[in-house]
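Next comes run37.txt, with compact mmCIF, C-alpha atoms.
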# COMPACT_ATOMS: atom_id res chain seq x y z
CA MET A 147 -34.05 -6.85 -49.91
CA THR A 148 -32.96 -6.61 -46.34
CA ALA A 149 -33.90 -3.62 -44.34
CA VAL A 150 -31.24 -2.27 -42.05
CA ALA A 151 -32.55 -0.35 -39.11
CA VAL A 152 -30.21 2.18 -37.63
CA PHE A 153 -30.67 3.24 -34.06
CA PRO A 154 -28.43 6.18 -33.36
CA VAL A 155 -27.17 6.49 -29.84
CA PHE A 156 -26.64 10.06 -28.83
CA ALA A 157 -24.11 11.07 -26.21
CA ALA A 158 -26.84 13.01 -24.49
CA GLN A 159 -28.76 9.80 -23.88
CA VAL A 160 -25.81 8.21 -22.16
CA THR A 161 -24.96 11.11 -19.90
CA GLU A 162 -28.36 12.65 -19.36
CA ASP A 163 -28.15 11.86 -15.66
CA PRO A 164 -26.65 15.03 -14.14
CA VAL A 165 -24.82 13.05 -11.47
CA GLU A 166 -23.27 10.84 -14.12
CA ARG A 167 -22.13 13.90 -16.00
CA GLN A 168 -20.52 15.28 -12.86
CA VAL A 169 -18.89 11.91 -12.17
CA LEU A 170 -17.40 11.74 -15.67
CA ASP A 171 -16.25 15.33 -15.44
CA ILE A 172 -14.25 14.50 -12.31
CA ALA A 173 -13.14 11.11 -13.63
CA LYS A 174 -11.64 12.59 -16.78
CA ASP A 175 -9.03 14.43 -14.70
CA LEU A 176 -8.03 11.31 -12.78
CA ARG A 177 -5.56 8.81 -14.14
CA CYS A 178 -6.50 5.16 -14.23
CA THR A 179 -3.58 3.79 -12.22
CA VAL A 180 -3.68 0.41 -13.96
CA CYS A 181 -3.75 1.66 -17.54
CA GLN A 182 -1.74 4.80 -16.73
CA ASN A 183 -2.30 6.80 -19.89
CA GLN A 184 -6.07 6.70 -19.78
CA PRO A 185 -8.32 8.78 -17.59
CA VAL A 186 -10.66 6.99 -15.20
CA SER A 187 -13.61 8.21 -17.28
CA GLU A 188 -12.51 6.24 -20.37
CA SER A 189 -11.08 3.09 -18.88
CA ASN A 190 -12.84 -0.23 -18.64
CA ALA A 191 -10.35 -1.52 -16.08
CA ASP A 192 -11.88 -2.97 -12.96
CA LEU A 193 -10.14 -0.43 -10.77
CA ALA A 194 -11.37 2.49 -12.90
CA ARG A 195 -14.92 1.18 -12.56
CA ASP A 196 -14.49 1.02 -8.78
CA MET A 197 -13.10 4.53 -8.77
CA ARG A 198 -16.07 5.81 -10.76
CA ALA A 199 -18.39 4.14 -8.25
CA ILE A 200 -16.60 5.91 -5.41
CA ILE A 201 -16.81 9.25 -7.21
CA ARG A 202 -20.53 8.70 -7.76
CA GLU A 203 -21.10 7.90 -4.07
CA GLN A 204 -19.21 10.98 -3.00
CA VAL A 205 -20.98 13.24 -5.49
CA GLN A 206 -24.29 11.94 -4.21
CA ALA A 207 -23.10 12.55 -0.66
CA GLY A 208 -22.62 16.18 -1.63
CA LYS A 209 -18.82 16.25 -1.63
CA SER A 210 -17.12 18.92 -3.72
CA ARG A 211 -14.91 18.21 -6.71
CA ASP A 212 -11.79 19.24 -4.77
CA GLU A 213 -12.65 16.95 -1.88
CA ILE A 214 -13.12 14.00 -4.22
CA VAL A 215 -9.88 14.67 -6.08
CA LYS A 216 -8.05 14.98 -2.75
CA TYR A 217 -9.49 11.62 -1.67
CA PHE A 218 -7.67 9.94 -4.57
CA VAL A 219 -4.50 12.04 -4.28
CA ASP A 220 -4.24 10.99 -0.60
CA ARG A 221 -4.26 7.35 -1.69
CA TYR A 222 -2.41 7.32 -5.00
CA GLY A 223 -0.38 10.53 -4.86
CA ASP A 224 -0.14 13.29 -7.45
CA TYR A 225 0.36 10.57 -10.04
CA VAL A 226 -3.39 10.04 -10.15
CA LEU A 227 -3.90 13.52 -11.62
CA MET A 228 -3.98 13.67 -15.42
CA LYS A 229 -2.59 17.22 -15.24
CA PRO A 230 0.42 17.62 -12.99
CA PRO A 231 -0.22 19.98 -10.05
CA LYS A 232 1.06 23.53 -10.35
CA ARG A 233 3.47 23.18 -7.44
CA GLY A 234 6.67 21.35 -6.57
CA PRO A 235 8.19 19.31 -9.40
CA GLY A 236 4.96 19.74 -11.38
CA MET A 237 5.99 23.36 -11.91
CA ILE A 238 8.83 22.21 -14.18
CA VAL A 239 6.29 20.75 -16.57
CA TRP A 240 4.15 23.87 -16.56
CA MET A 241 6.91 26.48 -16.61
CA GLY A 242 9.43 24.61 -18.79
CA PRO A 243 7.91 25.58 -22.18
CA LEU A 244 7.47 29.20 -21.06
CA ALA A 245 11.09 29.31 -19.86
CA LEU A 246 12.21 27.78 -23.16
CA ILE A 247 10.28 30.36 -25.21
CA PHE A 248 11.76 33.12 -23.05
CA VAL A 249 15.33 31.87 -23.43
CA VAL A 250 14.99 31.35 -27.20
CA GLY A 251 13.33 34.76 -27.57
CA VAL A 252 16.00 36.62 -25.64
CA SER A 253 18.89 34.90 -27.39
CA GLY A 254 17.22 35.46 -30.79
CA PHE A 255 16.79 39.14 -29.99
CA VAL A 256 20.41 39.49 -28.92
CA PHE A 257 21.60 37.60 -32.01
CA LEU A 258 19.58 39.74 -34.42
CA ARG A 259 20.62 42.97 -32.80
CA ARG A 260 24.23 42.01 -33.10
CA ARG A 261 23.78 41.22 -36.79
CA LEU A 262 21.85 44.38 -37.62
CA ARG A 263 24.19 46.74 -35.83
CA PRO A 264 26.02 48.85 -38.54
CA SER A 265 29.58 47.65 -38.38
CA LEU A 266 31.08 50.06 -41.04
CA PRO A 267 31.50 53.80 -40.59
CA PRO A 268 29.53 55.90 -43.11
CA ALA A 269 31.39 56.40 -46.40
CA PRO A 270 33.32 59.68 -46.67
CA PRO A 271 32.03 62.12 -49.31
CA LEU A 272 33.46 61.64 -52.78
CA SER A 273 36.32 63.75 -53.88
CA GLU A 274 35.69 65.95 -56.95
CA GLU A 275 37.94 63.69 -59.01
CA ASP A 276 36.00 60.55 -58.10
CA ALA A 277 32.66 62.26 -58.68
CA GLU A 278 33.75 63.09 -62.15
CA ARG A 279 34.64 59.45 -62.79
CA VAL A 280 31.26 58.30 -61.56
CA ARG A 281 29.45 60.72 -63.85
CA ALA A 282 31.50 59.55 -66.78
CA ALA A 283 30.80 55.92 -65.99
CA ARG A 284 27.07 56.53 -65.64
CA LYS A 285 26.96 58.29 -68.99
CA ALA A 286 28.79 55.42 -70.61
CA GLY A 287 26.44 52.94 -68.96
CA LYS A 288 23.35 54.71 -70.30
CA ALA A 289 24.79 54.80 -73.79
CA ASP A 290 25.59 51.15 -73.51
CA LYS A 291 22.03 50.28 -72.51
CA LYS A 292 20.60 52.29 -75.37
CA ASP A 293 22.86 50.48 -77.74
CA LYS A 294 21.65 47.09 -76.48
CA LYS A 295 18.01 48.13 -76.75
CA ASP A 296 18.50 49.13 -80.37
CA LYS A 297 20.10 45.82 -81.19
CA LYS A 298 17.22 43.95 -79.56
CA HIS A 299 14.74 45.92 -81.63
CA LYS A 300 16.44 44.90 -84.79
CA LYS A 301 16.45 41.29 -83.80
CA ASP A 302 12.71 41.34 -83.09
CA LYS A 303 11.97 42.77 -86.46
CA THR A 304 13.84 40.15 -88.40
CA MET B 244 36.27 21.90 -33.87
CA LYS B 245 35.60 24.03 -30.84
CA LYS B 246 32.03 24.87 -31.85
CA TYR B 247 31.03 21.18 -31.69
CA ILE B 248 31.92 20.87 -28.04
CA VAL B 249 28.66 22.24 -26.63
CA PRO B 250 26.25 20.15 -28.79
CA LEU B 251 28.42 17.11 -28.19
CA ALA B 252 28.34 17.66 -24.43
CA VAL B 253 24.54 18.07 -24.48
CA PHE B 254 24.18 14.92 -26.56
CA ALA B 255 26.47 12.98 -24.23
CA ALA B 256 24.54 14.17 -21.17
CA ILE B 257 21.13 13.19 -22.59
CA GLY B 258 22.47 9.90 -23.95
CA GLY B 259 24.10 9.12 -20.61
CA LEU B 260 20.87 9.79 -18.76
CA LEU B 261 18.89 7.52 -21.11
CA MET B 262 21.48 4.76 -20.81
CA TYR B 263 21.34 5.03 -17.04
CA ALA B 264 17.53 4.77 -17.00
CA LEU B 265 17.70 1.82 -19.40
CA TYR B 266 20.25 0.13 -17.18
CA LEU B 267 18.14 0.68 -14.06
CA SER B 268 14.98 -0.63 -15.72
CA MET B 269 16.82 -3.72 -16.96
CA THR B 270 18.26 -4.51 -13.55
CA GLY B 271 14.94 -3.91 -11.84
CA GLY B 272 15.97 -0.71 -10.08
CA TYR B 273 13.39 1.37 -11.88
CA SER B 274 10.05 0.75 -13.51
CA PRO B 275 7.99 3.47 -15.15
CA ARG B 276 4.89 1.59 -14.00
CA ASP B 277 5.73 2.02 -10.32
CA ILE B 278 3.73 4.73 -8.65
CA PRO B 279 5.35 6.09 -5.49
CA SER B 280 2.93 5.69 -2.61
CA PRO B 281 1.98 8.77 -0.59
CA LEU B 282 1.14 6.43 2.30
CA ILE B 283 4.72 5.69 3.35
CA GLY B 284 5.23 7.01 6.87
CA LYS B 285 1.49 7.17 7.48
CA SER B 286 -0.48 4.73 9.57
CA LEU B 287 -2.33 1.90 7.90
CA PRO B 288 -5.86 3.02 6.96
CA ALA B 289 -8.51 1.74 9.30
CA PHE B 290 -10.28 -1.42 8.25
CA THR B 291 -12.55 -4.10 9.63
CA LEU B 292 -12.72 -7.05 7.30
CA PRO B 293 -13.75 -10.69 7.57
CA THR B 294 -11.02 -13.31 7.43
CA VAL B 295 -10.91 -15.66 4.49
CA ALA B 296 -10.86 -18.73 6.75
CA ASP B 297 -13.92 -17.69 8.75
CA PRO B 298 -16.17 -14.95 7.29
CA ASN B 299 -17.80 -14.48 10.68
CA ARG B 300 -14.54 -13.46 12.25
CA LYS B 301 -13.61 -9.83 11.69
CA LEU B 302 -10.13 -8.44 11.87
CA SER B 303 -9.21 -4.77 12.20
CA ARG B 304 -6.09 -2.64 12.18
CA GLU B 305 -5.96 -2.48 15.97
CA ASP B 306 -5.76 -6.28 16.27
CA LEU B 307 -2.40 -6.21 14.51
CA LEU B 308 -0.71 -3.45 16.50
CA GLY B 309 2.39 -4.29 18.52
CA ARG B 310 4.35 -6.28 15.99
CA ALA B 311 5.93 -5.71 12.65
CA TYR B 312 4.52 -7.67 9.73
CA MET B 313 4.19 -7.81 5.97
CA LEU B 314 0.80 -7.11 4.46
CA ASN B 315 0.71 -8.98 1.18
CA VAL B 316 -2.05 -8.13 -1.29
CA TRP B 317 -2.96 -11.20 -3.32
CA ALA B 318 -5.74 -12.71 -5.39
CA SER B 319 -6.36 -16.06 -7.00
CA TRP B 320 -6.78 -14.37 -10.39
CA CYS B 321 -3.39 -12.71 -10.12
CA VAL B 322 -0.73 -14.36 -12.24
CA ALA B 323 2.29 -12.73 -10.61
CA CYS B 324 0.98 -13.82 -7.18
CA ARG B 325 1.36 -17.42 -8.29
CA GLN B 326 4.95 -16.60 -9.12
CA GLU B 327 5.81 -15.22 -5.69
CA HIS B 328 3.72 -17.69 -3.71
CA PRO B 329 6.30 -20.49 -3.28
CA TYR B 330 8.81 -18.00 -1.96
CA LEU B 331 6.28 -16.64 0.55
CA ASN B 332 5.73 -20.23 1.70
CA GLU B 333 9.46 -20.58 2.14
CA LEU B 334 9.75 -17.34 4.14
CA THR B 335 6.99 -18.41 6.51
CA GLY B 336 8.48 -21.92 6.66
CA ARG B 337 11.74 -20.60 8.05
CA LYS B 338 9.91 -18.10 10.27
CA ALA B 339 11.61 -15.17 8.57
CA VAL B 340 8.61 -12.87 8.78
CA THR B 341 4.94 -12.65 9.71
CA ILE B 342 2.78 -12.32 6.62
CA ILE B 343 -0.80 -11.12 6.75
CA GLY B 344 -2.71 -11.60 3.52
CA LEU B 345 -5.13 -9.19 1.95
CA ASN B 346 -7.25 -11.19 -0.43
CA TYR B 347 -8.16 -8.50 -2.94
CA LYS B 348 -11.38 -8.62 -5.00
CA ASP B 349 -11.56 -12.37 -4.93
CA LYS B 350 -14.24 -15.00 -4.43
CA ARG B 351 -13.96 -16.82 -1.13
CA GLU B 352 -14.12 -20.29 -2.72
CA ASP B 353 -11.35 -19.37 -5.18
CA ALA B 354 -9.20 -17.99 -2.38
CA LEU B 355 -9.66 -21.10 -0.25
CA GLN B 356 -8.92 -23.36 -3.18
CA TRP B 357 -5.75 -21.41 -3.88
CA LEU B 358 -4.58 -21.67 -0.26
CA ASN B 359 -5.37 -25.38 -0.07
CA GLY B 360 -3.69 -26.14 -3.35
CA LEU B 361 -0.60 -23.96 -3.16
CA GLY B 362 -0.03 -23.71 0.57
CA ASN B 363 -0.84 -20.98 3.03
CA PRO B 364 2.03 -18.67 3.99
CA TYR B 365 -0.30 -16.24 5.77
CA GLU B 366 -0.87 -16.10 9.49
CA MET B 367 -4.29 -15.05 8.31
CA SER B 368 -5.86 -13.44 5.30
CA VAL B 369 -8.59 -10.85 5.30
CA ALA B 370 -11.02 -10.56 2.42
CA ASP B 371 -11.51 -7.25 0.65
CA GLN B 372 -14.20 -8.33 -1.75
CA ASP B 373 -15.32 -4.94 -3.01
CA GLY B 374 -11.76 -3.60 -3.19
CA ARG B 375 -12.44 -0.54 -1.03
CA PHE B 376 -9.64 -1.21 1.41
CA GLY B 377 -7.40 -1.80 -1.59
CA ILE B 378 -8.21 1.68 -2.85
CA ASP B 379 -7.54 3.09 0.63
CA LEU B 380 -4.12 1.49 0.34
CA GLY B 381 -3.55 2.82 -3.16
CA VAL B 382 -3.40 -0.69 -4.59
CA TYR B 383 -3.35 -0.71 -8.37
CA GLY B 384 -1.52 -3.86 -9.34
CA VAL B 385 -1.41 -7.07 -7.40
CA PRO B 386 0.80 -8.36 -5.86
CA GLU B 387 1.78 -5.49 -3.65
CA THR B 388 3.36 -5.80 -0.23
CA PHE B 389 3.43 -3.28 2.59
CA LEU B 390 5.84 -3.38 5.50
CA ILE B 391 4.04 -2.33 8.68
CA ASP B 392 5.86 -1.47 11.89
CA LYS B 393 4.79 -2.07 15.50
CA GLN B 394 2.90 1.21 15.65
CA GLY B 395 0.91 0.27 12.56
CA VAL B 396 2.77 2.69 10.31
CA ILE B 397 3.42 1.80 6.66
CA ARG B 398 7.18 1.88 6.17
CA TYR B 399 7.66 0.49 2.68
CA LYS B 400 5.68 -0.65 -0.32
CA GLN B 401 6.89 -3.34 -2.67
CA ILE B 402 5.14 -3.27 -6.04
CA GLY B 403 5.26 -6.56 -7.90
CA PRO B 404 6.22 -10.04 -6.76
CA ILE B 405 8.65 -10.73 -3.94
CA THR B 406 11.62 -12.54 -5.39
CA PRO B 407 14.60 -13.83 -3.36
CA GLU B 408 16.58 -10.79 -4.56
CA VAL B 409 13.88 -8.33 -3.50
CA TRP B 410 13.64 -10.02 -0.11
CA GLU B 411 17.37 -10.23 0.55
CA GLN B 412 18.22 -6.77 -0.70
CA LYS B 413 15.27 -4.63 0.28
CA LEU B 414 12.68 -6.24 2.52
CA ALA B 415 14.78 -8.32 4.91
CA PRO B 416 17.03 -5.41 6.02
CA MET B 417 13.98 -3.19 6.56
CA MET B 418 12.04 -5.87 8.46
CA LYS B 419 15.06 -6.37 10.70
CA LYS B 420 15.00 -2.69 11.59
CA LEU B 421 11.26 -2.72 12.26
CA SER B 422 11.13 -5.73 14.56
Entire entry expressed as structure tokens:
Amino acid sequence: MTAVAVFPVFAAQVTEDPVERQVLDIAKDLRCTVCQNQPVSESNADLARDMRAIIREQVQAGKSRDEIVKYFVDRYGDYVLMKPPKRGPGMIVWMGPLALIFVVGVSGFVFLRRRLRPSLPPAPPLSEEDAERVRAARKAGKADKKDKKDKKHKKDKT
Amino acid sequence: MKKYIVPLAVFAAIGGLLMYALYLSMTGGYSPRDIPSPLIGKSLPAFTLPTVADPNRKLSREDLLGRAYMLNVWASWCVACRQEHPYLNELTGRKAVTIIGLNYKDKREDALQWLNGLGNPYEMSVADQDGRFGIDLGVYGVPETFLIDKQGVIRYKQIGPITPEVWEQKLAPMMKKLS
């Protein structure tokens, strides 16, 4: 029998260095410009590795997160941010869904109100003649139902 | 019939836009991989780097002021650089432009071997072995080429290889204006 030893590697062991954790936290918001849809924190591209090294140096030099992010934005533009900035054209991305919900909501409201608005005037009260006809019809209807019920009974018994 | 006009118009507008983007990307006018550089109109970041030919000789931004030139980022490991290299040789051969090379994240022996084997279109090349100057320039895919004016200001960035079309249509007219 072969014994298989399992050595679990916990995430905490990899990132237990507080500087490393800070570096990865900043790197996850920066786009790897070579791989484009991956953050710098997850990419194995050479450039991403260099960028992580720069982040680490700057963190160790006591630079703030904003300063480090600005360092990369100055060189690569807003494109390097995983989340578009909340200004300029980036606002379209952030506000677009809200604007869409607003437009759909308002038009839905208007549409429903138009449909629910009573479009017929209330019915005029019945004349005495018509009321008499209704009563007669109701009586006949009841009798009819009773008749049917009786028939059903008979059927069940047989 | 009338109620189909609006959806049809929306469809036509979106379809037209997609067709236009497809057309541009097929003719080379647009690539989703191109990242617009924030450095256009700004001066070249400061650097002091050894030349490839002589590691003891350092070159800095100030040494290049006073004339317009092309800063071409290249590396021996870069496949597309091999593709543009003969054309760079040709441009230098007919004295069309001054090209300064930035040898990006390369080994010196490999760079020298490349220049000896394929020809050297560069007035000189500086070596950026750790890639820090490359990051200052926002380099993310080699080859990239920057047009620098006499005041040392970056005026244009070409991403990807320089082909005869790129040179004739984009770079040559701009270089003419700069020099």
Can you list every residue of chain B that has an atom at most 8 Å from chain A, with its nearest atom pair and the distance in Å to one decimal, using all atoms listed in the file, ordered by chain then number, as CSV?
residue,atom,partner,partner_atom,distance
B:Arg276,CA,A:Gln182,CA,7.9
B:Ile278,CA,A:Tyr225,CA,6.9
B:Pro279,CA,A:Gly223,CA,7.3
B:Ser280,CA,A:Tyr222,CA,6.1
B:Pro281,CA,A:Gly223,CA,5.2
B:Leu282,CA,A:Arg221,CA,6.8
B:Gly374,CA,A:Asp196,CA,7.7
B:Ile378,CA,A:Arg221,CA,7.0
B:Asp379,CA,A:Arg221,CA,5.9
B:Leu380,CA,A:Arg221,CA,6.2
B:Gly381,CA,A:Arg221,CA,4.8
B:Tyr383,CA,A:Val180,CA,5.7
B:Gly384,CA,A:Val180,CA,6.7
Selection from above, C-alpha atoms, as an mmCIF file, in the frame of the given file, can you write it?
data_model
loop_
_atom_site.group_PDB
_atom_site.id
_atom_site.type_symbol
_atom_site.label_atom_id
_atom_site.label_comp_id
_atom_site.auth_asym_id
_atom_site.auth_seq_id
_atom_site.Cartn_x
_atom_site.Cartn_y
_atom_site.Cartn_z
ATOM 1 C CA ARG B 276 4.890 1.590 -14.000
ATOM 2 C CA ILE B 278 3.730 4.730 -8.650
ATOM 3 C CA PRO B 279 5.350 6.090 -5.490
ATOM 4 C CA SER B 280 2.930 5.690 -2.610
ATOM 5 C CA PRO B 281 1.980 8.770 -0.590
ATOM 6 C CA LEU B 282 1.140 6.430 2.300
ATOM 7 C CA GLY B 374 -11.760 -3.600 -3.190
ATOM 8 C CA ILE B 378 -8.210 1.680 -2.850
ATOM 9 C CA ASP B 379 -7.540 3.090 0.630
ATOM 10 C CA LEU B 380 -4.120 1.490 0.340
ATOM 11 C CA GLY B 381 -3.550 2.820 -3.160
ATOM 12 C CA TYR B 383 -3.350 -0.710 -8.370
ATOM 13 C CA GLY B 384 -1.520 -3.860 -9.340
#
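Distances from A:Ala207, A:Ala199, A:Val239, A:Glu188 to Val169 in chain A were compared using all atoms listed in the file, and the smallest one belongs to A:Ala199.
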* Any idea what's packed within 12 Å of Lys420 in chain B, counting all atoms listed in the file, ignoring anything in its chain fewer than 5 positions away? Could you give it as a PyMOL selection string? -> chain B and resi 311-312+390-393+398-399+413-415
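Proximity ranking of B:Ser319, B:Thr294, B:Gln326, B:Ser274 relative to Pro407 in chain B places B:Gln326 first, based on all atoms listed in the file.
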* Pairwise distance for CA of Glu203 in chain A and CA of Ser187 in chain A, rounded to one decimal in Å -> 15.2 Å
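Our summary of the geometry notes that CA of Gln401 in chain B is positioned 14.7 Å from CA of His328 in chain B.
In this structure, CA of Ile343 in chain B sits 5.5 Å away from CA of Met367 in chain B.
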* Using only C-alpha atoms, which residues sit within 9 Å of Ala289 in chain B once same-chain residues fewer than 5 positions away are excluded, as a PyMOL selection string? -> chain B and resi 303-305+376+379
* Do you know which residues are at most 7 Å from range 227-232 of chain A counting only C-alpha atoms, after dropping those on the same chain fewer than 6 positions away, and could you put them as a list in words? -> Asp175, Leu176, Arg177, Pro185 and Trp240 of chain A
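Using all atoms listed in the file, the nearest neighbour of Pro288 in chain B within the list B:Lys246, B:Arg325, B:Arg375, B:Lys301 is B:Arg375.
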* To do: Up to 8 Å from (-15.1, -6.9, -5.0) in the file's coordinates: name the residues, counting all atoms listed in the file, as a ChimeraX atom specification.
  => /B:347-349,371-375
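Proximity of B:Val295, B:Val253, B:Leu331, B:Val369 to Asp353 in chain B, computed with only C-alpha atoms, is greatest for B:Val295.
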